[in-house]
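Heads up, the thing below is written out as structure tokens.
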Amino acid sequence: MTYELSETPQAAPGGTTPARHGHRLRWNKVPEVTAYFWIIKVLCTTVGETAADLLNEKAGLGLTGVSVLMSVLLAAVLVVQFRTTSYRAGVYWLAVALISVVGTLISDNLTDNMGVPLETSTTVFALVLAVVFVVWYRRERTLSIHSIDTTSRESFYWLAVLFTFALGTAAGDLVSERMNLGYWLSAVLFALAIAAVAVAHFALGLDAVWSFWIAYVLTRPLGASIGDYLSQPNAAGGLGLGTVVTSALFLAVILGLVVYLIVTRRDVTEPESVARQAA
């Protein structure tokens, strides 16, 4: 889906605009929502699923150890991301790939290590994500990703992204376990759900902000189902490629697309465009 998010900063009483929290940047810090965005997002969610399984199985650190390691790596990349003054495709998508792994591990730790039912974790993640959106909007008066140009807005953005991955993991596992559809049919189900969101937005006028974030959540279980279908053995309903081959394959495609975007700048929001969208 390619569209412009609709909500923009609203004027406060007296005709003044809301306070901008954090240092005001000239450039938007996140990419334009294009076909490339959604393709790489789904690929990152697939890598998040297979890489989490790979590290848990091969690294010998256990689920908790892998979670700590990946969280430290994510924190380091986010420090670099926050220090940039404009969108950098390589840094941004590395952060998304790592946050997809961490979001998966958060859900897996609750389920496997702490015994939290998927119904509970799905509900909790949904509530936490809703709180993030409410606080974000009350503070900034917009949820638009066309104006991620302050430290405050960028912080809310990455918090939302983290919990969309955790929510998508828990909800996807819940659906797959309860409905027992198998990997391929689960992928079809979530793809149809995303298509329904697109129809609701383009044909029925569903708000662009909510269309984006609902689709963002749904791409997580879609990518996970694709990853499981490719990596899991034939006896479990997969193609048996293994987590190593599947992760390497998708990482190579992600790398190729990101290099293409770095060279062409096809997903960069120019400052003039940001100004028009915020007007």
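In the structure tokens, chains take letters A, B, ... by order of appearance, with residues numbered from 1 within each chain and ligands from 1 in the order shown.
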
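If you count only C-alpha atoms and ignore residues fewer than 6 places along the chain from Ala187 in chain A, what sits within 8 Å of it is Pro221, Leu222, Gly223, Ser225 and Ile226 of chain A.
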
Gly168 in chain A: which residues within 9 Å, counting only C-alpha atoms, same-chain residues fewer than 3 positions away excluded, as a list in words? Gly103, Thr104, Thr122, Phe125, Phe163, Thr164, Phe165, Ala171, Gly172, Asp173, Tyr216, Val217, Leu218, Thr219, Arg220, Pro221 and Leu222 of chain A

Next, the residues of the selection above should be written as an mmCIF file, in the first residue's frame with N, CA, C and O atoms.
```cif
data_model
loop_
_atom_site.group_PDB
_atom_site.id
_atom_site.type_symbol
_atom_site.label_atom_id
_atom_site.label_comp_id
_atom_site.auth_asym_id
_atom_site.auth_seq_id
_atom_site.Cartn_x
_atom_site.Cartn_y
_atom_site.Cartn_z
ATOM 1 N N GLY A 103 11.436 -8.711 19.100
ATOM 2 C CA GLY A 103 9.999 -8.818 19.334
ATOM 3 C C GLY A 103 9.540 -10.265 19.384
ATOM 4 O O GLY A 103 8.710 -10.649 20.216
ATOM 5 N N THR A 104 10.093 -11.093 18.484
ATOM 6 C CA THR A 104 9.785 -12.520 18.486
ATOM 7 C C THR A 104 10.243 -13.170 19.787
ATOM 8 O O THR A 104 9.511 -13.958 20.399
ATOM 9 N N THR A 122 -1.126 -11.932 23.997
ATOM 10 C CA THR A 122 -1.710 -11.178 22.878
ATOM 11 C C THR A 122 -2.490 -9.980 23.390
ATOM 12 O O THR A 122 -2.360 -8.863 22.877
ATOM 13 N N PHE A 125 0.019 -7.314 24.913
ATOM 14 C CA PHE A 125 0.742 -6.577 23.879
ATOM 15 C C PHE A 125 -0.185 -5.602 23.151
ATOM 16 O O PHE A 125 0.232 -4.488 22.805
ATOM 17 N N PHE A 163 6.414 -3.253 19.723
ATOM 18 C CA PHE A 163 5.238 -3.956 20.222
ATOM 19 C C PHE A 163 4.349 -4.489 19.102
ATOM 20 O O PHE A 163 3.581 -5.421 19.326
ATOM 21 N N THR A 164 4.453 -3.924 17.892
ATOM 22 C CA THR A 164 3.743 -4.551 16.773
ATOM 23 C C THR A 164 4.353 -5.914 16.457
ATOM 24 O O THR A 164 3.629 -6.866 16.138
ATOM 25 N N PHE A 165 5.675 -6.028 16.563
ATOM 26 C CA PHE A 165 6.314 -7.321 16.325
ATOM 27 C C PHE A 165 5.949 -8.318 17.416
ATOM 28 O O PHE A 165 5.659 -9.489 17.137
ATOM 29 N N ALA A 171 -0.110 -13.075 18.454
ATOM 30 C CA ALA A 171 -1.383 -13.282 17.771
ATOM 31 C C ALA A 171 -1.264 -14.340 16.678
ATOM 32 O O ALA A 171 -2.166 -15.169 16.492
ATOM 33 N N GLY A 172 -0.138 -14.326 15.954
ATOM 34 C CA GLY A 172 0.071 -15.322 14.906
ATOM 35 C C GLY A 172 0.162 -16.728 15.468
ATOM 36 O O GLY A 172 -0.438 -17.674 14.934
ATOM 37 N N ASP A 173 0.905 -16.881 16.583
ATOM 38 C CA ASP A 173 1.009 -18.188 17.225
ATOM 39 C C ASP A 173 -0.345 -18.641 17.756
ATOM 40 O O ASP A 173 -0.689 -19.834 17.686
ATOM 41 N N TYR A 216 0.794 -3.208 9.435
ATOM 42 C CA TYR A 216 2.127 -3.420 9.990
ATOM 43 C C TYR A 216 2.123 -4.587 10.970
ATOM 44 O O TYR A 216 3.048 -5.409 10.994
ATOM 45 N N VAL A 217 1.081 -4.663 11.807
ATOM 46 C CA VAL A 217 0.970 -5.785 12.742
ATOM 47 C C VAL A 217 0.782 -7.095 11.986
ATOM 48 O O VAL A 217 1.416 -8.114 12.292
ATOM 49 N N LEU A 218 -0.087 -7.096 10.973
ATOM 50 C CA LEU A 218 -0.427 -8.324 10.254
ATOM 51 C C LEU A 218 0.731 -8.879 9.425
ATOM 52 O O LEU A 218 0.792 -10.088 9.171
ATOM 53 N N THR A 219 1.658 -8.002 8.998
ATOM 54 C CA THR A 219 2.797 -8.517 8.228
ATOM 55 C C THR A 219 3.702 -9.393 9.081
ATOM 56 O O THR A 219 4.424 -10.235 8.544
ATOM 57 N N ARG A 220 3.661 -9.224 10.412
ATOM 58 C CA ARG A 220 4.503 -10.058 11.273
ATOM 59 C C ARG A 220 4.108 -11.544 11.199
ATOM 60 O O ARG A 220 4.944 -12.388 10.890
ATOM 61 N N PRO A 221 2.841 -11.906 11.473
ATOM 62 C CA PRO A 221 2.493 -13.325 11.337
ATOM 63 C C PRO A 221 2.550 -13.821 9.901
ATOM 64 O O PRO A 221 2.801 -15.010 9.669
ATOM 65 N N LEU A 222 2.342 -12.934 8.926
ATOM 66 C CA LEU A 222 2.494 -13.344 7.524
ATOM 67 C C LEU A 222 3.928 -13.774 7.251
ATOM 68 O O LEU A 222 4.174 -14.869 6.710
#
```

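Residues with any atom within 12 Å of Thr84 in chain A, counting only C-alpha atoms and excluding same-chain neighbours fewer than 6 positions away, are A:Leu25, A:Arg26, A:Trp27, A:Asn28, A:Lys29, A:Val30, A:Val77, A:Leu78, A:Gly90, A:Val91, A:Tyr92, A:Asp149, A:Thr150, A:Thr151, A:Glu154.
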